[in-house]
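Report on the structure given below.
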Amino acid sequence: MAFPYMEAVVGFMIFMYLFHTYLKMRQHAALKLPTLPKTLEGVISQEKFEKSRAYTLDRSRYGFVRNLVTIVLDCAILLFGLLPWLWKRSGDFLVSVGLNAENEILQSLVFLAGVMIWSQITDLPFSLYSSFVIESRHGFNKQTIWLFIRDIIKEIVLTIIIGPPIVAAVIVIVQNGGPYLAIYLWGLVFVLSLVMLTLYPILIAPLFNKFTPLPDGELRLKIENLASSLKFPLTKLFVVDGSTRSSHSNAYMYGFFKNKRIVLYDTLIQQSKNDEEVVAIIAHELGHWKLNHTIYSFIAFQIVTFFNFGIYTLERNSKDLFQSFGFDTQPVIIGIIIFQYTIMPLEHLVSFVSNIVSRSLEFQADAFAKKLGYTAALRASLVIMQEENLDAMNTDPWYSAYHYTHPHIVERLTAIDEPYRKTH
């Protein structure tokens with residue numbers, strides 16, 4: 001008797017849903033605590049704490065509902081055989097419009113179009129509620145319904161333009177890859193990663209936001225001097241109009257080799273009390289660059305990707321695996337989807353380890369900014385972002401250990417303050 005792969009996948013999905021729900025219940029209880037952590041007493045105002053508490057509890061309740069609906073739909077898709085049904089209907093559609101149903105690339109594109117439509121329909125109510133109810137209620141949402149719809153249309157158009165060539169390339173590689181399939185697939189993803197890292201900020205991101213050069217002045221001069229002192233090859237310094245969609249703040253850098261760019265959210269500049277606080281955040285980001293965190297992360301991603309493709313090559317020809325999910329044939333795109341289901345246990349483990357490493361790197365970047373003399377400014381900027389973003393003030397240690405990619409504000413301030421107090 002063949003192993004029940006599909007039933008095992010559903011069982012694991014339900015197990016992880018229950019595990020995540022347990023963690024969320026612990027986090028929800030922490031969010032309901034009526035007092036600030038001792039580290040934040042006298043640092044975060046009571047007004048901001050109450051606003052943060054209300055916002056995070058709203059997000060938490062929303063998360064419970066969304067996760068429940070998601071697990072029900074995901075399990076139903078597998079248990080009721082909706083994937084093989086959609087694959088068959090995709091072939092029928094090709095016949096009805098006079099195209100060759102034996103063309104796997106065409107059938108795969110029609111199938112993925114159906115998946116995209118289903119995803120948009122099921123996700124839309126949650127996206128609307130999140131943006132126009134929760135985010136609006138707490139003063140974050142700045143976008144109009146037309147801007148929201150326009151963004152969705154742009155995303156769909158980009159998917160239609162970018163998706164088919166990639167899908168076709170993957171199918172051709174899998175069909176002709178032979179014993180070196182894992183290497184070819186990894187090579188494709190490696191090239192795509194470089195292309196997207198290069199083109200996304202130049203061609204795609206400007207479709208959604210406006211990027212303008214940071215005006216001449218003290219702030220620009222301080223950032224340029226900092227970059228120069230670290231030999232960071234800064235070529236462009238932008239301000240992005242994040243405030244058109246949200247009042248959340250951020251900053252980031254991107255680029256290869258001698259062509260680096262820094263982007264500041266306009267909300268970060270508006271919310272900061274002085275230039276030093278903005279520069280402290282840039283110092284933290286430059287710490288990631290100087291300590292080679294971006295290179296390490298990129299290499300780690302490539303290693304995990306290659307390992308995953310190695311596993312995929314071992315199971316892609318398993319007839320029993322495909323039959324367990326309701327397929328009599330073994331289409332490439334279906335094999336990849338099934339692989340994504342079967343690799344879930346490993347993905348959860350990798351994600352957990354990745355979050356642990358990520359938090360460690362954040363501490364290192366904070367320490368780097370401190371060494372540059374931005375201790376007080378970094379502390380102040382982290383507090384301001386915590387307040388303005390209404391991030392959780394109280395967190396459950398189990399939940400944060402499993403989910404958080406950044407240390408909680410209490411941990412970061414503790415790490416910043418101890419050495420600072422010893423020398424002052």
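Chain labels A, B, ... are given in the sequence in which chains occur in the structure tokens; within each chain residues are numbered consecutively from 1, and ligands are likewise numbered from 1 in the order shown.
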
Determine, counting only C-alpha atoms, which protein, DNA and RNA residues have an atom within 8 Å of an atom of range 58-64 of chain A; residues of the same chain fewer than 2 positions away are not included. Present the result as a list in words.
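Returned residues: Thr21, Lys24, His28, Ala54, Tyr55, Thr56, Arg66, Asn67, Leu68, Ser130 and Ile134 of chain A.
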
Store the residues picked out above in a file with N, CA and C atoms, as a PDB file, in the first residue's frame.
ATOM      1  N   THR A  21      -1.252  28.581  16.667  1.00  0.00           N
ATOM      2  CA  THR A  21      -2.366  29.151  17.421  1.00  0.00           C
ATOM      3  C   THR A  21      -2.035  29.206  18.912  1.00  0.00           C
ATOM      4  N   LYS A  24       0.227  32.063  19.378  1.00  0.00           N
ATOM      5  CA  LYS A  24      -0.524  33.311  19.240  1.00  0.00           C
ATOM      6  C   LYS A  24      -1.372  33.578  20.483  1.00  0.00           C
ATOM      7  N   HIS A  28      -1.134  36.807  22.586  1.00  0.00           N
ATOM      8  CA  HIS A  28      -2.332  37.614  22.830  1.00  0.00           C
ATOM      9  C   HIS A  28      -2.457  37.947  24.312  1.00  0.00           C
ATOM     10  N   ALA A  54      -3.950  48.641  21.965  1.00  0.00           N
ATOM     11  CA  ALA A  54      -5.185  48.515  21.187  1.00  0.00           C
ATOM     12  C   ALA A  54      -4.895  48.033  19.769  1.00  0.00           C
ATOM     13  N   TYR A  55      -3.836  48.582  19.155  1.00  0.00           N
ATOM     14  CA  TYR A  55      -3.494  48.226  17.778  1.00  0.00           C
ATOM     15  C   TYR A  55      -3.049  46.770  17.671  1.00  0.00           C
ATOM     16  N   THR A  56      -2.137  46.364  18.536  1.00  0.00           N
ATOM     17  CA  THR A  56      -1.615  44.999  18.458  1.00  0.00           C
ATOM     18  C   THR A  56      -2.673  43.958  18.805  1.00  0.00           C
ATOM     19  N   ARG A  66      -7.906  35.118  10.288  1.00  0.00           N
ATOM     20  CA  ARG A  66      -7.278  34.854   8.985  1.00  0.00           C
ATOM     21  C   ARG A  66      -6.612  33.483   8.964  1.00  0.00           C
ATOM     22  N   ASN A  67      -5.918  33.126  10.018  1.00  0.00           N
ATOM     23  CA  ASN A  67      -5.234  31.829  10.062  1.00  0.00           C
ATOM     24  C   ASN A  67      -6.228  30.677  10.024  1.00  0.00           C
ATOM     25  N   LEU A  68      -7.359  30.846  10.696  1.00  0.00           N
ATOM     26  CA  LEU A  68      -8.381  29.794  10.701  1.00  0.00           C
ATOM     27  C   LEU A  68      -8.951  29.599   9.302  1.00  0.00           C
ATOM     28  N   SER A 130      -7.775  44.683   6.604  1.00  0.00           N
ATOM     29  CA  SER A 130      -6.526  45.065   7.261  1.00  0.00           C
ATOM     30  C   SER A 130      -6.197  46.530   7.001  1.00  0.00           C
ATOM     31  N   ILE A 134      -8.532  48.084  10.182  1.00  0.00           N
ATOM     32  CA  ILE A 134      -7.562  48.088  11.287  1.00  0.00           C
ATOM     33  C   ILE A 134      -6.550  49.220  11.138  1.00  0.00           C
TER      34      ILE A 134
END

Backbone-only DSSP, alpha helix (DSSP H) members of range 144-255 of chain A, as a PDB file with C-alpha atoms, in the first residue's frame:
ATOM      1  CA  ILE A 145      -9.359  52.688  -2.322  1.00  0.00           C
ATOM      2  CA  TRP A 146      -8.346  53.676  -5.849  1.00  0.00           C
ATOM      3  CA  LEU A 147      -4.637  53.519  -4.958  1.00  0.00           C
ATOM      4  CA  PHE A 148      -5.258  50.121  -3.339  1.00  0.00           C
ATOM      5  CA  ILE A 149      -6.961  48.796  -6.492  1.00  0.00           C
ATOM      6  CA  ARG A 150      -4.319  50.345  -8.744  1.00  0.00           C
ATOM      7  CA  ASP A 151      -1.558  48.550  -6.811  1.00  0.00           C
ATOM      8  CA  ILE A 152      -3.353  45.222  -7.257  1.00  0.00           C
ATOM      9  CA  ILE A 153      -3.708  45.828 -11.004  1.00  0.00           C
ATOM     10  CA  LYS A 154      -0.014  46.692 -11.298  1.00  0.00           C
ATOM     11  CA  GLU A 155       0.958  43.531  -9.386  1.00  0.00           C
ATOM     12  CA  ILE A 156      -1.208  41.386 -11.679  1.00  0.00           C
ATOM     13  CA  VAL A 157       0.230  43.004 -14.827  1.00  0.00           C
ATOM     14  CA  LEU A 158       3.795  42.482 -13.567  1.00  0.00           C
ATOM     15  CA  THR A 159       2.996  38.847 -12.802  1.00  0.00           C
ATOM     16  CA  ILE A 160       1.600  38.354 -16.300  1.00  0.00           C
ATOM     17  CA  ILE A 161       4.726  39.920 -17.835  1.00  0.00           C
ATOM     18  CA  ILE A 162       7.377  38.270 -15.649  1.00  0.00           C
ATOM     19  CA  GLY A 163       5.736  34.955 -14.771  1.00  0.00           C
ATOM     20  CA  PRO A 164       5.313  33.100 -18.101  1.00  0.00           C
ATOM     21  CA  PRO A 165       8.982  33.241 -19.212  1.00  0.00           C
ATOM     22  CA  ILE A 166      10.113  31.971 -15.810  1.00  0.00           C
ATOM     23  CA  VAL A 167       7.510  29.174 -15.763  1.00  0.00           C
ATOM     24  CA  ALA A 168       8.473  28.138 -19.295  1.00  0.00           C
ATOM     25  CA  ALA A 169      12.173  28.131 -18.391  1.00  0.00           C
ATOM     26  CA  VAL A 170      11.575  25.978 -15.309  1.00  0.00           C
ATOM     27  CA  ILE A 171       9.516  23.431 -17.259  1.00  0.00           C
ATOM     28  CA  VAL A 172      12.096  23.168 -20.047  1.00  0.00           C
ATOM     29  CA  ILE A 173      14.937  22.775 -17.529  1.00  0.00           C
ATOM     30  CA  VAL A 174      13.115  20.057 -15.559  1.00  0.00           C
ATOM     31  CA  GLN A 175      12.193  18.187 -18.721  1.00  0.00           C
ATOM     32  CA  ASN A 176      15.768  18.262 -20.061  1.00  0.00           C
ATOM     33  CA  LEU A 181      18.877  19.209 -12.834  1.00  0.00           C
ATOM     34  CA  ALA A 182      19.506  20.613  -9.340  1.00  0.00           C
ATOM     35  CA  ILE A 183      22.470  22.620 -10.631  1.00  0.00           C
ATOM     36  CA  TYR A 184      20.498  24.018 -13.580  1.00  0.00           C
ATOM     37  CA  LEU A 185      17.542  25.012 -11.386  1.00  0.00           C
ATOM     38  CA  TRP A 186      19.843  26.605  -8.835  1.00  0.00           C
ATOM     39  CA  GLY A 187      21.607  28.469 -11.641  1.00  0.00           C
ATOM     40  CA  LEU A 188      18.286  29.817 -12.891  1.00  0.00           C
ATOM     41  CA  VAL A 189      17.286  31.026  -9.423  1.00  0.00           C
ATOM     42  CA  PHE A 190      20.746  32.547  -8.887  1.00  0.00           C
ATOM     43  CA  VAL A 191      20.506  34.539 -12.115  1.00  0.00           C
ATOM     44  CA  LEU A 192      16.925  35.590 -11.347  1.00  0.00           C
ATOM     45  CA  SER A 193      18.007  36.726  -7.885  1.00  0.00           C
ATOM     46  CA  LEU A 194      20.699  38.956  -9.339  1.00  0.00           C
ATOM     47  CA  VAL A 195      18.378  40.320 -12.016  1.00  0.00           C
ATOM     48  CA  MET A 196      15.600  41.091  -9.531  1.00  0.00           C
ATOM     49  CA  LEU A 197      17.986  42.664  -7.020  1.00  0.00           C
ATOM     50  CA  THR A 198      19.217  44.890  -9.842  1.00  0.00           C
ATOM     51  CA  LEU A 199      15.984  45.712 -11.631  1.00  0.00           C
ATOM     52  CA  GLU A 218      22.663  68.873   7.047  1.00  0.00           C
ATOM     53  CA  LEU A 219      21.022  65.454   6.921  1.00  0.00           C
ATOM     54  CA  ARG A 220      22.373  64.623   3.481  1.00  0.00           C
ATOM     55  CA  LEU A 221      25.843  65.881   4.427  1.00  0.00           C
ATOM     56  CA  LYS A 222      25.924  63.780   7.609  1.00  0.00           C
ATOM     57  CA  ILE A 223      24.858  60.613   5.780  1.00  0.00           C
ATOM     58  CA  GLU A 224      27.388  61.174   2.994  1.00  0.00           C
ATOM     59  CA  ASN A 225      30.171  61.821   5.521  1.00  0.00           C
ATOM     60  CA  LEU A 226      29.254  58.652   7.422  1.00  0.00           C
ATOM     61  CA  ALA A 227      29.233  56.596   4.226  1.00  0.00           C
ATOM     62  CA  SER A 228      32.542  58.086   3.153  1.00  0.00           C
ATOM     63  CA  SER A 229      34.171  57.351   6.536  1.00  0.00           C
TER      64      SER A 229
END

Please list as a PDB file with C-alpha atoms, in the first residue's frame every residue within 7 Å of range 264-272 of chain A, counting only C-alpha atoms and excluding residues in the same chain fewer than 5 positions away.
ATOM      1  CA  PHE A 238      16.641  58.769  -2.010  1.00  0.00           C
ATOM      2  CA  VAL A 239      13.533  59.622  -0.046  1.00  0.00           C
ATOM      3  CA  VAL A 240      10.526  57.394  -0.802  1.00  0.00           C
ATOM      4  CA  ASP A 241       6.954  58.603  -0.310  1.00  0.00           C
ATOM      5  CA  GLY A 242       5.918  55.813   2.063  1.00  0.00           C
ATOM      6  CA  SER A 243       3.426  58.221   3.642  1.00  0.00           C
ATOM      7  CA  SER A 247       2.656  56.153   8.381  1.00  0.00           C
ATOM      8  CA  HIS A 248       4.938  53.234   9.299  1.00  0.00           C
ATOM      9  CA  SER A 249       8.624  54.183   8.931  1.00  0.00           C
ATOM     10  CA  ASN A 250      11.722  52.418   7.624  1.00  0.00           C
ATOM     11  CA  ALA A 251      15.049  52.747   5.784  1.00  0.00           C
ATOM     12  CA  TYR A 252      17.065  50.367   3.636  1.00  0.00           C
ATOM     13  CA  GLU A 277      18.431  59.924  14.966  1.00  0.00           C
ATOM     14  CA  VAL A 278      18.030  59.344  11.233  1.00  0.00           C
ATOM     15  CA  SER A 381      15.423  56.461  17.199  1.00  0.00           C
TER      16      SER A 381
END

Counting only C-alpha atoms, the option among A:Ile337, A:Tyr399, A:Leu413, A:Thr375 closest to Glu276 in chain A
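Comparing A:Ile337, A:Tyr399, A:Leu413, A:Thr375 against Glu276 in chain A, the winner is A:Thr375.
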
Given the choices A:Gln386, A:Gln27, A:Asn259, A:Ser246, which gets closest to Glu135 in chain A if the distance is worked out from only C-alpha atoms?
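The closest residue to Glu135 in chain A is A:Ser246.
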
Just the residues within 9 Å of Trp398 in chain A, please, counting only C-alpha atoms, with nothing from its chain fewer than 5 positions along; format it as a ChimeraX atom specification.
/A:23,26-27,403

Closest to Lys290 in chain A among A:Gln340, A:Gln364, A:Ser318, A:Ser324, using only C-alpha atoms?
A:Gln364

Each range 49-73 of chain A residue no farther than 10 Å from range 77-97 of chain A, nearest pair in Å, only C-alpha atoms, as a tab-separated table:
residue	atom	partner	partner_atom	distance
A:Ile71	CA	A:Ile77	CA	9.9
A:Val72	CA	A:Ile77	CA	8.6
A:Leu73	CA	A:Ile77	CA	6.1

Store the residues picked out above in a file with N, CA and C atoms, as an mmCIF file, in the first residue's frame.
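In the end it all went to part_8.cif:
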data_model
loop_
_atom_site.group_PDB
_atom_site.id
_atom_site.type_symbol
_atom_site.label_atom_id
_atom_site.label_comp_id
_atom_site.auth_asym_id
_atom_site.auth_seq_id
_atom_site.Cartn_x
_atom_site.Cartn_y
_atom_site.Cartn_z
ATOM 1 N N ILE A 71 -6.267 27.886 7.000
ATOM 2 C CA ILE A 71 -6.044 26.449 7.176
ATOM 3 C C ILE A 71 -7.234 25.648 6.661
ATOM 4 N N VAL A 72 -8.452 26.169 6.843
ATOM 5 C CA VAL A 72 -9.642 25.472 6.339
ATOM 6 C C VAL A 72 -9.593 25.391 4.817
ATOM 7 N N LEU A 73 -9.280 26.518 4.163
ATOM 8 C CA LEU A 73 -9.221 26.537 2.698
ATOM 9 C C LEU A 73 -8.095 25.657 2.175
#

Every residue of range 246-396 of chain A that DSSP places in strand (DSSP E), as a ChimeraX atom specification
/A:251-256,259-265

Would you save the residues from that selection as a short mmCIF file (atom, residue, chain, number, x, y, z; two decimals), in the first residue's frame, using C-alpha atoms?
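Now in part12.cif:
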data_model
loop_
_atom_site.label_atom_id
_atom_site.label_comp_id
_atom_site.auth_asym_id
_atom_site.auth_seq_id
_atom_site.Cartn_x
_atom_site.Cartn_y
_atom_site.Cartn_z
CA ALA A 251 15.05 52.75 5.78
CA TYR A 252 17.07 50.37 3.64
CA MET A 253 19.99 50.10 1.23
CA TYR A 254 20.56 48.10 -1.94
CA GLY A 255 22.90 47.69 -4.89
CA PHE A 256 25.93 45.71 -6.01
CA ASN A 259 26.83 51.13 -6.96
CA LYS A 260 25.10 51.40 -3.57
CA ARG A 261 21.95 53.34 -2.79
CA ILE A 262 20.23 54.31 0.46
CA VAL A 263 16.49 54.90 0.71
CA LEU A 264 14.82 56.77 3.59
CA TYR A 265 11.08 56.67 4.16
#

Top pick for closest residue to Asp123 in chain A, considering A:Val69, A:Ile416, A:Ala2, A:Ala76 and counting only C-alpha atoms
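The shortest atom-to-atom distance to Asp123 in chain A comes from A:Val69.
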
To one decimal in Å, tell me the separation between CA of Ile282 in chain A and CA of Pro206 in chain A.
21.5 Å

Gap from CA of Ile334 in chain A to CA of Phe12 in chain A - Å, one decimal:
19.7 Å

List as a PyMOL selection string the protein and nucleic acid residues near Val410 in chain A, meaning an atom at most 12 Å away when only C-alpha atoms are counted, but skip any in the same chain fewer than 4 places from it.
chain A and resi 36-41+43-44+379+382-383+386+391-395+397+400+406+414-417

Tell me which protein, DNA and RNA residues are within 10 Å of Pro407 in chain A, counting only C-alpha atoms, leaving out same-chain ones fewer than 3 positions away, and put them as a list in words.
Asn355, Ile356, Ser358, Arg359, Ser360, Leu361, Glu362, Phe363, Ser400, Ala401, Tyr404, Val410, Glu411, Arg412 and Leu413 of chain A

Between CA of Gln302 in chain A and CA of Tyr200 in chain A, what is the distance, to one decimal in Å?
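That distance, rounded to one decimal, is 19.0 Å.
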
Using only C-alpha atoms, find the one residue out of A:Ile338, A:Phe352, A:Glu285, A:His138 that sits nearest to Gln323 in chain A.
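Smallest distance to Gln323 in chain A is found for A:Ile338.
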
Neighbouring residues of Ser131 in chain A were defined as those with any atom within 9 Å, considering only C-alpha atoms; residues of the same chain fewer than 3 positions away were excluded. Please report them as a PyMOL selection string.
chain A and resi 126-128+134-136+140-143+148

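The nearest approach to Ile384 in chain A among the residues A:Ile409, A:Leu372, A:Leu109, A:Val332, with only C-alpha atoms taken into account, belongs to A:Ile409.
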